[in-house]
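Shown next: final28.csv, given as CSV, C-alpha atoms and all ligand atoms.
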chain,number,residue,atom,x,y,z
A,1,MET,CA,3.2,-17.8,-36.6
A,2,PRO,CA,3.6,-19.5,-33.2
A,3,LEU,CA,7.1,-19.3,-31.7
A,4,PRO,CA,9.3,-22.4,-32.1
A,5,SER,CA,9.9,-23.9,-28.7
A,6,ASP,CA,13.7,-23.3,-28.8
A,7,ALA,CA,13.6,-19.7,-30.0
A,8,THR,CA,14.7,-16.7,-28.0
A,9,LEU,CA,12.9,-13.4,-28.1
A,10,GLU,CA,14.6,-10.0,-28.1
A,11,PRO,CA,12.8,-7.0,-26.7
A,12,LYS,CA,14.0,-4.5,-29.4
A,13,ARG,CA,12.9,-6.9,-32.3
A,14,ILE,CA,9.3,-7.2,-31.2
A,15,LYS,CA,8.9,-3.5,-30.1
A,16,ARG,CA,6.4,-2.5,-32.9
A,17,TRP,CA,4.5,-5.7,-32.7
A,18,LEU,CA,4.2,-5.5,-29.0
A,19,ALA,CA,3.0,-1.8,-28.9
A,20,CYS,CA,0.4,-2.5,-31.6
A,21,ARG,CA,-1.0,-5.6,-29.8
A,22,LEU,CA,-1.0,-4.1,-26.4
A,23,LEU,CA,-2.4,-0.7,-27.3
A,24,ASP,CA,-5.3,-2.3,-29.3
A,25,TRP,CA,-6.1,-4.6,-26.4
A,26,PHE,CA,-6.0,-1.8,-23.9
A,27,ALA,CA,-8.3,0.4,-25.9
A,28,ARG,CA,-10.8,-2.4,-25.9
A,29,TRP,CA,-10.5,-3.9,-22.4
A,30,GLN,CA,-9.1,-1.3,-20.0
A,31,ARG,CA,-11.2,-0.9,-16.8
A,32,ASP,CA,-13.0,2.3,-16.2
A,33,LEU,CA,-11.1,3.6,-13.1
A,34,PRO,CA,-11.5,6.9,-11.4
A,35,TRP,CA,-7.8,7.9,-11.9
A,36,ARG,CA,-8.1,7.3,-15.6
A,37,LYS,CA,-10.7,10.0,-16.1
A,38,ASP,CA,-8.0,12.6,-16.9
A,39,ARG,CA,-4.2,12.9,-17.1
A,40,ASP,CA,-3.8,14.9,-13.9
A,41,ALA,CA,-0.4,14.1,-12.5
A,42,TYR,CA,-1.5,14.6,-8.9
A,43,ARG,CA,-4.4,12.2,-9.2
A,44,ILE,CA,-2.3,9.6,-10.9
A,45,TRP,CA,0.4,9.9,-8.2
A,46,VAL,CA,-2.1,9.4,-5.4
A,47,SER,CA,-3.6,6.3,-7.2
A,48,GLU,CA,-0.1,4.8,-7.8
A,49,VAL,CA,0.8,5.1,-4.2
A,50,MET,CA,-2.5,3.7,-3.0
A,51,LEU,CA,-2.2,0.8,-5.4
A,52,GLN,CA,1.1,-0.4,-4.1
A,53,GLN,CA,0.4,-3.8,-2.4
A,54,THR,CA,-3.3,-3.1,-2.6
A,55,GLN,CA,-6.1,-4.3,-4.9
A,56,VAL,CA,-7.9,-2.0,-7.2
A,57,ALA,CA,-11.3,-2.7,-5.8
A,58,THR,CA,-10.0,-1.8,-2.3
A,59,VAL,CA,-8.4,1.4,-3.5
A,60,ILE,CA,-11.3,3.0,-5.4
A,61,PRO,CA,-13.4,4.2,-2.4
A,62,TYR,CA,-10.2,5.4,-0.6
A,63,PHE,CA,-9.1,7.3,-3.7
A,64,GLU,CA,-12.4,9.0,-4.1
A,65,ARG,CA,-12.6,10.1,-0.4
A,66,PHE,CA,-9.0,11.2,-0.4
A,67,LEU,CA,-9.4,13.3,-3.6
A,68,ALA,CA,-12.6,14.8,-2.2
A,69,ALA,CA,-10.8,15.9,0.9
A,70,PHE,CA,-7.5,17.0,-0.9
A,71,PRO,CA,-8.4,17.8,-4.5
A,72,THR,CA,-5.0,19.4,-5.2
A,73,LEU,CA,-1.4,19.0,-4.4
A,74,ALA,CA,-1.4,22.2,-2.5
A,75,GLY,CA,-4.4,21.0,-0.5
A,76,LEU,CA,-2.6,17.8,0.5
A,77,ALA,CA,0.5,19.8,1.4
A,78,ALA,CA,-1.5,22.1,3.7
A,79,ALA,CA,-3.3,19.2,5.5
A,80,THR,CA,-2.1,17.8,8.9
A,81,GLU,CA,-0.6,14.4,9.1
A,82,GLN,CA,-3.5,13.3,11.3
A,83,GLN,CA,-6.0,14.2,8.6
A,84,VAL,CA,-4.1,12.3,6.0
A,85,LEU,CA,-3.7,9.2,8.3
A,86,ARG,CA,-7.4,9.3,9.2
A,87,LEU,CA,-8.4,9.1,5.5
A,88,TRP,CA,-5.8,6.4,4.9
A,89,GLU,CA,-7.1,4.4,7.8
A,90,GLY,CA,-7.8,0.7,6.9
A,91,LEU,CA,-5.7,0.9,3.7
A,92,GLY,CA,-2.6,-0.3,5.6
A,93,TYR,CA,1.1,0.3,5.0
A,94,TYR,CA,0.8,3.8,6.6
A,95,ARG,CA,4.3,4.7,5.7
A,96,ARG,CA,2.9,5.3,2.2
A,97,ALA,CA,0.5,8.0,3.5
A,98,ARG,CA,3.2,9.7,5.6
A,99,ASP,CA,5.6,9.7,2.6
A,100,LEU,CA,2.9,11.0,0.2
A,101,HIS,CA,2.1,13.8,2.6
A,102,ARG,CA,5.8,14.7,3.2
A,103,ALA,CA,6.4,14.5,-0.6
A,104,ALA,CA,3.5,16.9,-1.3
A,105,LYS,CA,5.1,19.4,1.1
A,106,VAL,CA,8.5,19.1,-0.5
A,107,ILE,CA,7.1,19.5,-4.1
A,108,VAL,CA,5.0,22.5,-3.1
A,109,ALA,CA,8.0,24.1,-1.4
A,110,THR,CA,10.4,23.5,-4.3
A,111,HIS,CA,8.1,23.7,-7.4
A,112,GLY,CA,5.0,25.5,-6.2
A,113,ALA,CA,1.6,23.8,-6.7
A,114,THR,CA,2.5,22.2,-10.0
A,115,PHE,CA,3.7,18.6,-10.3
A,116,PRO,CA,7.2,18.5,-11.8
A,117,ARG,CA,7.5,17.1,-15.4
A,118,GLU,CA,11.1,15.9,-15.2
A,119,PRO,CA,12.3,12.8,-13.3
A,120,GLU,CA,15.4,14.7,-12.0
A,121,SER,CA,13.0,17.0,-10.1
A,122,LEU,CA,11.5,14.0,-8.3
A,123,ARG,CA,14.8,12.5,-7.1
A,124,GLY,CA,15.0,12.4,-3.3
A,125,VAL,CA,11.3,13.2,-2.8
A,126,PRO,CA,10.0,10.9,0.0
A,127,GLY,CA,8.5,7.6,-1.2
A,128,MET,CA,9.2,8.5,-4.9
A,129,GLY,CA,11.0,5.5,-6.3
A,130,ARG,CA,11.9,4.9,-9.9
A,131,TYR,CA,8.6,3.1,-10.5
A,132,THR,CA,6.3,5.7,-9.0
A,133,ALA,CA,8.1,8.6,-10.7
A,134,ASN,CA,8.1,6.9,-14.1
A,135,ALA,CA,4.5,5.7,-13.8
A,136,VAL,CA,3.2,9.3,-13.1
A,137,LEU,CA,5.4,11.1,-15.6
A,138,SER,CA,4.7,8.6,-18.5
A,139,GLN,CA,0.9,8.6,-17.9
A,140,ALA,CA,0.5,12.4,-17.2
A,141,PHE,CA,3.1,13.9,-19.6
A,142,GLU,CA,3.9,11.1,-22.1
A,143,LYS,CA,7.5,10.9,-20.9
A,144,ARG,CA,9.3,7.9,-22.4
A,145,LEU,CA,10.1,6.3,-19.1
A,146,PRO,CA,9.8,2.5,-18.4
A,147,ILE,CA,7.9,1.0,-15.5
A,148,LEU,CA,8.4,-2.3,-13.6
A,149,GLU,CA,5.9,-3.5,-11.0
A,150,ALA,CA,4.5,-6.9,-10.1
A,151,ASN,CA,2.1,-7.2,-13.0
A,152,SER,CA,4.4,-6.0,-15.7
A,153,VAL,CA,7.3,-8.1,-14.3
A,154,ARG,CA,5.1,-11.2,-14.6
A,155,VAL,CA,4.1,-10.4,-18.2
A,156,LEU,CA,7.7,-9.6,-19.3
A,157,CYS,CA,9.2,-12.7,-17.6
A,158,ARG,CA,6.6,-15.0,-19.3
A,159,LEU,CA,6.7,-13.3,-22.6
A,160,PHE,CA,10.5,-13.5,-22.8
A,161,GLY,CA,10.8,-16.8,-21.0
A,162,LYS,CA,12.9,-15.6,-18.1
A,163,ALA,CA,12.9,-18.2,-15.4
A,164,ASP,CA,15.3,-16.6,-12.8
A,165,ASP,CA,14.3,-14.6,-9.8
A,166,PRO,CA,13.0,-11.2,-11.1
A,167,THR,CA,13.7,-9.5,-7.8
A,168,ARG,CA,17.5,-10.1,-8.1
A,169,ASN,CA,20.2,-9.2,-10.6
A,170,PRO,CA,21.1,-9.9,-13.3
A,171,LEU,CA,17.4,-10.5,-14.2
A,172,ARG,CA,16.2,-7.3,-12.4
A,173,ASN,CA,18.6,-5.1,-14.5
A,174,TRP,CA,17.6,-7.0,-17.7
A,175,LEU,CA,13.9,-6.3,-17.0
A,176,TRP,CA,14.5,-2.6,-16.5
A,177,GLN,CA,16.5,-2.5,-19.8
A,178,ALA,CA,13.8,-4.5,-21.6
A,179,ALA,CA,11.0,-2.3,-20.3
A,180,GLU,CA,12.9,0.6,-21.7
A,181,GLU,CA,13.7,-1.0,-25.1
A,182,ILE,CA,10.1,-1.9,-25.8
A,183,LEU,CA,8.7,1.6,-25.1
A,184,PRO,CA,6.9,3.0,-28.2
A,185,HIS,CA,7.5,6.6,-29.2
A,186,LYS,CA,3.8,7.5,-28.9
A,187,HIS,CA,1.2,6.6,-26.3
A,188,VAL,CA,3.7,5.7,-23.7
A,189,GLY,CA,1.3,6.3,-20.9
A,190,HIS,CA,-1.2,3.9,-22.3
A,191,PHE,CA,1.5,1.4,-23.2
A,192,ASN,CA,2.7,1.3,-19.6
A,193,GLN,CA,-0.8,1.0,-18.3
A,194,ALA,CA,-1.6,-1.7,-20.8
A,195,MET,CA,1.3,-3.8,-19.6
A,196,MET,CA,0.1,-3.6,-16.0
A,197,GLU,CA,-3.5,-4.1,-17.0
A,198,LEU,CA,-2.7,-7.2,-19.0
A,199,GLY,CA,-0.9,-8.6,-15.9
A,200,ALA,CA,-3.9,-7.8,-13.7
A,201,LEU,CA,-6.6,-9.1,-16.0
A,202,VAL,CA,-5.1,-11.8,-18.3
A,203,CYS,CA,-1.6,-12.8,-17.4
A,204,THR,CA,-2.6,-13.4,-13.8
A,205,PRO,CA,-0.3,-15.2,-11.3
A,206,ALA,CA,-2.2,-18.5,-10.9
A,207,ALA,CA,-4.2,-19.0,-14.1
A,208,PRO,CA,-3.2,-16.9,-17.0
A,209,ALA,CA,-5.9,-16.7,-19.7
A,210,CYS,CA,-3.4,-17.3,-22.6
A,211,GLY,CA,-6.3,-18.0,-25.0
A,212,LYS,CA,-7.4,-14.4,-24.6
A,213,CYS,CA,-4.0,-12.8,-24.5
A,214,PRO,CA,-2.9,-10.5,-27.4
A,215,LEU,CA,0.8,-11.6,-26.9
A,216,ARG,CA,0.1,-15.4,-27.1
A,217,GLY,CA,1.7,-15.7,-30.6
A,218,LYS,CA,5.2,-14.8,-29.4
A,219,CYS,CA,5.0,-15.8,-25.7
A,220,VAL,CA,7.9,-18.0,-24.8
A,221,ALA,CA,6.4,-19.3,-21.5
A,222,ARG,CA,3.2,-20.3,-23.4
A,223,ALA,CA,5.1,-22.0,-26.2
A,224,ARG,CA,7.1,-24.0,-23.6
A,225,GLY,CA,4.3,-24.6,-21.2
A,226,LEU,CA,6.1,-22.7,-18.4
A,227,GLN,CA,3.4,-20.3,-17.2
A,228,ALA,CA,3.1,-22.1,-13.8
A,229,THR,CA,6.9,-21.8,-13.0
A,230,ILE,CA,7.6,-18.3,-14.5
A,231,PRO,CA,8.1,-15.9,-12.8
A,232,LEU,CA,10.0,-17.6,-10.0
A,233,ARG,CA,8.3,-17.0,-6.7
A,234,ALA,CA,9.8,-17.1,-3.2
A,235,ALA,CA,8.1,-19.6,-0.9
A,236,PRO,CA,5.5,-17.7,1.2
A,237,ALA,CA,6.8,-16.8,4.7
A,238,LYS,CA,5.5,-18.9,7.5
A,239,ALA,CA,2.7,-17.2,9.5
A,240,THR,CA,3.8,-16.1,13.0
A,241,GLU,CA,1.2,-16.1,15.8
A,242,VAL,CA,1.3,-13.0,18.0
A,243,ARG,CA,-0.8,-12.6,21.2
A,244,GLU,CA,-1.6,-9.1,22.5
A,245,SER,CA,-3.6,-7.4,25.2
A,246,ALA,CA,-5.3,-4.0,24.9
A,247,VAL,CA,-7.0,-2.0,27.6
A,248,VAL,CA,-9.7,0.7,27.4
A,249,VAL,CA,-9.3,2.8,30.5
A,250,ARG,CA,-12.4,4.7,31.6
A,251,ARG,CA,-12.4,7.9,33.6
A,252,GLY,CA,-15.9,9.3,34.1
A,253,GLY,CA,-17.4,9.4,30.6
A,254,ARG,CA,-13.9,9.6,28.9
A,255,LEU,CA,-11.5,7.0,27.6
A,256,LEU,CA,-7.7,7.0,27.5
A,257,LEU,CA,-6.3,7.3,24.0
A,258,VAL,CA,-2.5,7.3,23.4
A,259,GLN,CA,-0.4,8.3,20.4
A,260,ARG,CA,2.2,5.8,19.1
A,261,PRO,CA,5.8,6.9,18.6
A,262,THR,CA,6.7,8.7,15.4
A,263,THR,CA,8.6,5.6,14.0
A,264,GLY,CA,7.7,1.9,13.7
A,265,ARG,CA,4.4,0.2,13.0
A,266,TRP,CA,1.4,2.5,13.0
A,267,ALA,CA,3.7,5.5,13.7
A,268,SER,CA,1.9,8.6,15.1
A,269,MET,CA,-1.5,6.9,15.0
A,270,TRP,CA,-3.7,6.6,18.1
A,271,GLU,CA,-4.8,3.6,20.1
A,272,PHE,CA,-6.1,2.2,23.3
A,273,PRO,CA,-2.8,1.0,25.1
A,274,HIS,CA,-1.8,-2.4,23.8
A,275,ASP,CA,1.3,-4.6,23.7
A,276,GLU,CA,2.4,-8.1,22.9
A,277,LEU,CA,2.5,-10.7,25.6
A,278,THR,CA,6.0,-11.6,26.9
A,279,ASP,CA,7.0,-15.2,27.4
A,280,GLY,CA,4.8,-17.0,29.9
A,281,GLU,CA,2.6,-14.0,30.5
A,282,THR,CA,-1.2,-14.3,30.5
A,283,HIS,CA,-3.4,-11.7,28.7
A,284,THR,CA,-4.4,-10.3,32.1
A,285,GLN,CA,-0.8,-10.0,33.3
A,286,ALA,CA,0.1,-8.3,30.1
A,287,ALA,CA,-2.8,-5.8,30.4
A,288,LEU,CA,-1.7,-4.8,33.9
A,289,ARG,CA,2.0,-4.7,33.0
A,290,LEU,CA,1.5,-2.5,29.9
A,291,LEU,CA,-0.5,0.0,31.8
A,292,ARG,CA,2.1,0.2,34.5
A,293,GLU,CA,5.0,0.4,32.1
A,294,ARG,CA,3.5,2.5,29.3
A,295,THR,CA,1.1,4.9,31.1
A,296,SER,CA,2.1,4.9,34.8
A,297,LEU,CA,-1.6,5.0,35.7
A,298,SER,CA,-3.1,3.1,38.5
A,299,VAL,CA,-6.3,1.3,37.4
A,300,THR,CA,-8.8,-1.4,38.4
A,301,LEU,CA,-8.8,-4.0,35.7
A,302,GLY,CA,-12.2,-5.1,34.6
A,303,PRO,CA,-13.4,-8.0,32.4
A,304,GLU,CA,-12.5,-8.9,28.8
A,305,ILE,CA,-14.8,-7.3,26.3
A,306,GLU,CA,-13.7,-8.6,23.0
A,307,THR,CA,-11.1,-10.7,21.2
A,308,ILE,CA,-10.0,-9.4,17.8
A,309,ARG,CA,-8.2,-11.6,15.3
A,310,HIS,CA,-6.4,-9.9,12.4
A,311,GLY,CA,-3.5,-10.3,10.0
A,312,VAL,CA,-0.6,-7.9,9.3
A,313,THR,CA,1.7,-9.2,6.6
A,314,ARG,CA,2.8,-12.6,7.9
A,315,PHE,CA,1.7,-12.0,11.5
A,316,ARG,CA,-1.6,-13.6,12.7
A,317,ILE,CA,-2.5,-11.5,15.7
A,318,THR,CA,-5.0,-12.2,18.5
A,319,MET,CA,-5.7,-9.2,20.6
A,320,VAL,CA,-7.7,-9.7,23.8
A,321,CYS,CA,-9.3,-6.4,24.9
A,322,PHE,CA,-10.1,-5.5,28.5
A,323,VAL,CA,-11.8,-2.5,30.2
A,324,ALA,CA,-10.3,-0.8,33.3
A,325,VAL,CA,-11.4,2.0,35.6
A,326,PHE,CA,-8.9,4.8,36.3
A,327,ARG,CA,-7.9,5.1,40.0
A,328,GLN,CA,-5.1,7.6,40.2
A,329,GLY,CA,-1.9,8.8,38.7
A,330,LYS,CA,-0.6,11.1,36.0
A,331,PHE,CA,0.1,9.8,32.5
A,332,ARG,CA,3.8,9.4,31.9
A,333,SER,CA,5.3,7.3,29.1
A,334,GLU,CA,8.7,6.7,27.6
A,335,PHE,CA,7.0,4.8,24.7
A,336,TYR,CA,3.8,6.8,23.8
A,337,ALA,CA,4.2,10.2,22.3
A,338,ASP,CA,1.0,11.7,23.7
A,339,SER,CA,-2.2,10.9,25.5
A,340,ARG,CA,-5.8,12.3,25.7
A,341,TRP,CA,-9.0,11.6,27.6
A,342,VAL,CA,-11.6,11.6,24.9
A,343,LEU,CA,-15.3,11.2,24.7
A,344,PRO,CA,-16.5,8.1,22.8
A,345,ALA,CA,-18.0,10.3,20.1
A,346,GLU,CA,-14.6,11.9,19.5
A,347,LEU,CA,-13.0,8.6,18.6
A,348,ALA,CA,-14.0,8.8,15.0
A,349,SER,CA,-11.8,11.8,14.4
A,350,TYR,CA,-8.6,10.0,15.4
A,351,PRO,CA,-6.6,7.8,13.0
A,352,VAL,CA,-6.3,4.4,14.5
A,353,SER,CA,-5.3,0.9,13.1
A,354,ALA,CA,-7.9,-1.4,11.7
A,355,PRO,CA,-8.1,-3.7,14.8
A,356,GLN,CA,-8.3,-0.6,17.1
A,357,ARG,CA,-11.2,0.7,15.0
A,358,ILE,CA,-13.0,-2.5,15.6
A,359,LEU,CA,-12.6,-2.0,19.3
A,360,ALA,CA,-13.7,1.6,19.1
A,361,ARG,CA,-16.9,0.5,17.2
A,362,THR,CA,-17.6,-2.1,19.9
A,363,LEU,CA,-17.3,0.6,22.6
A,364,ALA,CA,-19.6,2.9,20.6
A,365,SER,CA,-22.2,0.2,20.2
A,366,ASN,CA,-22.0,-0.8,23.9
A,367,ASP,CA,-22.6,2.9,24.8
A,368,GLU,CA,-25.7,3.2,22.6
B,401,LIG,S1,0.4,-15.9,-23.5
B,401,LIG,FE1,-0.2,-16.4,-21.4
B,401,LIG,S2,1.7,-16.5,-20.3
B,401,LIG,FE2,2.1,-15.4,-22.2
B,401,LIG,S3,1.9,-13.2,-21.7
B,401,LIG,FE3,-0.1,-13.9,-22.4
B,401,LIG,S4,-1.2,-14.6,-20.6
B,401,LIG,FE4,0.9,-14.4,-20.1
What do you get writing this file as structure tokens?
Ligand code: SF4
Amino acid sequence: MPLPSDATLEPKRIKRWLACRLLDWFARWQRDLPWRKDRDAYRIWVSEVMLQQTQVATVIPYFERFLAAFPTLAGLAAATEQQVLRLWEGLGYYRRARDLHRAAKVIVATHGATFPREPESLRGVPGMGRYTANAVLSQAFEKRLPILEANSVRVLCRLFGKADDPTRNPLRNWLWQAAEEILPHKHVGHFNQAMMELGALVCTPAAPACGKCPLRGKCVARARGLQATIPLRAAPAKATEVRESAVVVRRGGRLLLVQRPTTGRWASMWEFPHDELTDGETHTQAALRLLRERTSLSVTLGPEIETIRHGVTRFRITMVCFVAVFRQGKFRSEFYADSRWVLPAELASYPVSAPQRILARTLASNDE
């Protein structure tokens, strides 16, 4: 029976119906993903962290490379941060990688090489929020713990016809409570995954395929034609243009590589010195200024070799890249944490940001 347009739906009252519908649908339509091949908590955890803010198709090759390099929790804990960052390179949001690595060390130090089974044991572990802990424990150990992320929030808001902002209270609290109340007593891991999978494949942000949805019979948004306005979405932030200069300093056959500070964007990663232009500055002036201020080296600035355009969150960045020849001086910097003169062939072993990797590849191809 379709829902009358003025009816309200209560999570507890449709719990059995919901579990039945979702689990049947999931058994039939779930995607074959590498982290679903077994119920190993460590593998699920890595996948959950990688999937934050990132599409499944992007994550798959990263996940496979990461697990090949660090097949166990103990292996990850024993790795260096630079190894972890290098394997994460290109996936973005590098804080996730640093937290994952720090968390692996904390877990191994306090629990040995076994992933804890209780949520209390994961409190305070770096990067382990309520969602991540519950997602891993419900999928790996069938713990009855609710999850809430973008896909399941969208499904719940539409199913129950909640039109307020789901990122704020009181709706946020209501959603957590609802996610808990609808949990079945069996197959919790599959149920939580099914909720997310339905949001990813059917109840999509722009064009939900309601005709194919197992929940269409009771969905309030569908009954009232509100799929386009639920959930409430914040207006997208306006793009900000950023202009930068980067400089590749050559000394004999070697290139200057510098390590970023341990905090802030691209923390601890390596790069060719670069900086934003200040007001009224040209790219050439910025290149000379940043070398003076951030490396203390004296150089002869050469020509532009490449302009790289890329986006980071709401920033649209244009980075003009120059070459320069070292003249004299000793590297000193209050900004960069370290520096090295490296051979072009060694660049591949250093973790760098995506635009800096483009620059490194240009240099490698010019040297061929
Ligand atoms: S019926 Fe449509 S709006 Fe409702 S949960 Fe399914 S896909 Fe989403």
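Separating atom FE3 of ligand LIG 401 (chain B) from CA of Gly189 in chain A is a distance of 20.3 Å.
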Practice task
Please identify all polymer residues within 12 Å of Phe331 in chain A, counting only C-alpha atoms, omitting same-chain residues fewer than 3 positions from it, and present them as a PyMOL selection string.
Solution key: chain A and resi 249+256-258+273+291-299+326-328+334-341
Could you list, as a PyMOL selection string, all the residues within 10 Å of ligand LIG 401 (chain B), counting only C-alpha atoms and all ligand atoms? chain A and resi 152+154-161+195+198-199+201-205+207-228+230-231
May I have the selected residues written with C-alpha atoms, as a short mmCIF file (atom, residue, chain, number, x, y, z; two decimals), in the frame of the given file?
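out.cif was written with the following content:
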data_model
loop_
_atom_site.label_atom_id
_atom_site.label_comp_id
_atom_site.auth_asym_id
_atom_site.auth_seq_id
_atom_site.Cartn_x
_atom_site.Cartn_y
_atom_site.Cartn_z
CA SER A 152 4.40 -6.00 -15.70
CA ARG A 154 5.10 -11.20 -14.60
CA VAL A 155 4.10 -10.40 -18.20
CA LEU A 156 7.70 -9.60 -19.30
CA CYS A 157 9.20 -12.70 -17.60
CA ARG A 158 6.60 -15.00 -19.30
CA LEU A 159 6.70 -13.30 -22.60
CA PHE A 160 10.50 -13.50 -22.80
CA GLY A 161 10.80 -16.80 -21.00
CA MET A 195 1.30 -3.80 -19.60
CA LEU A 198 -2.70 -7.20 -19.00
CA GLY A 199 -0.90 -8.60 -15.90
CA LEU A 201 -6.60 -9.10 -16.00
CA VAL A 202 -5.10 -11.80 -18.30
CA CYS A 203 -1.60 -12.80 -17.40
CA THR A 204 -2.60 -13.40 -13.80
CA PRO A 205 -0.30 -15.20 -11.30
CA ALA A 207 -4.20 -19.00 -14.10
CA PRO A 208 -3.20 -16.90 -17.00
CA ALA A 209 -5.90 -16.70 -19.70
CA CYS A 210 -3.40 -17.30 -22.60
CA GLY A 211 -6.30 -18.00 -25.00
CA LYS A 212 -7.40 -14.40 -24.60
CA CYS A 213 -4.00 -12.80 -24.50
CA PRO A 214 -2.90 -10.50 -27.40
CA LEU A 215 0.80 -11.60 -26.90
CA ARG A 216 0.10 -15.40 -27.10
CA GLY A 217 1.70 -15.70 -30.60
CA LYS A 218 5.20 -14.80 -29.40
CA CYS A 219 5.00 -15.80 -25.70
CA VAL A 220 7.90 -18.00 -24.80
CA ALA A 221 6.40 -19.30 -21.50
CA ARG A 222 3.20 -20.30 -23.40
CA ALA A 223 5.10 -22.00 -26.20
CA ARG A 224 7.10 -24.00 -23.60
CA GLY A 225 4.30 -24.60 -21.20
CA LEU A 226 6.10 -22.70 -18.40
CA GLN A 227 3.40 -20.30 -17.20
CA ALA A 228 3.10 -22.10 -13.80
CA ILE A 230 7.60 -18.30 -14.50
CA PRO A 231 8.10 -15.90 -12.80
#
*asked:* Which residues are close to Glu48 in chain A, i.e. within 12 Å by all atoms listed in the file, leaving aside same-chain residues fewer than 4 positions away? Reply as a ChimeraX atom specification.
replied: /A:35-36,41-44,52-56,59-60,63,96-97,100,127-129,131-137,139,147,149,193,196
Exercise for the section: Find the spatial neighbours of range 309-320 of chain A, counting only C-alpha atoms, within a cut-off of 8 Å - ignore same-chain residues fewer than 2 positions away - and output them as number ranges by chain. Expected result: A: 237-246, 283, 304-307, 322, 355
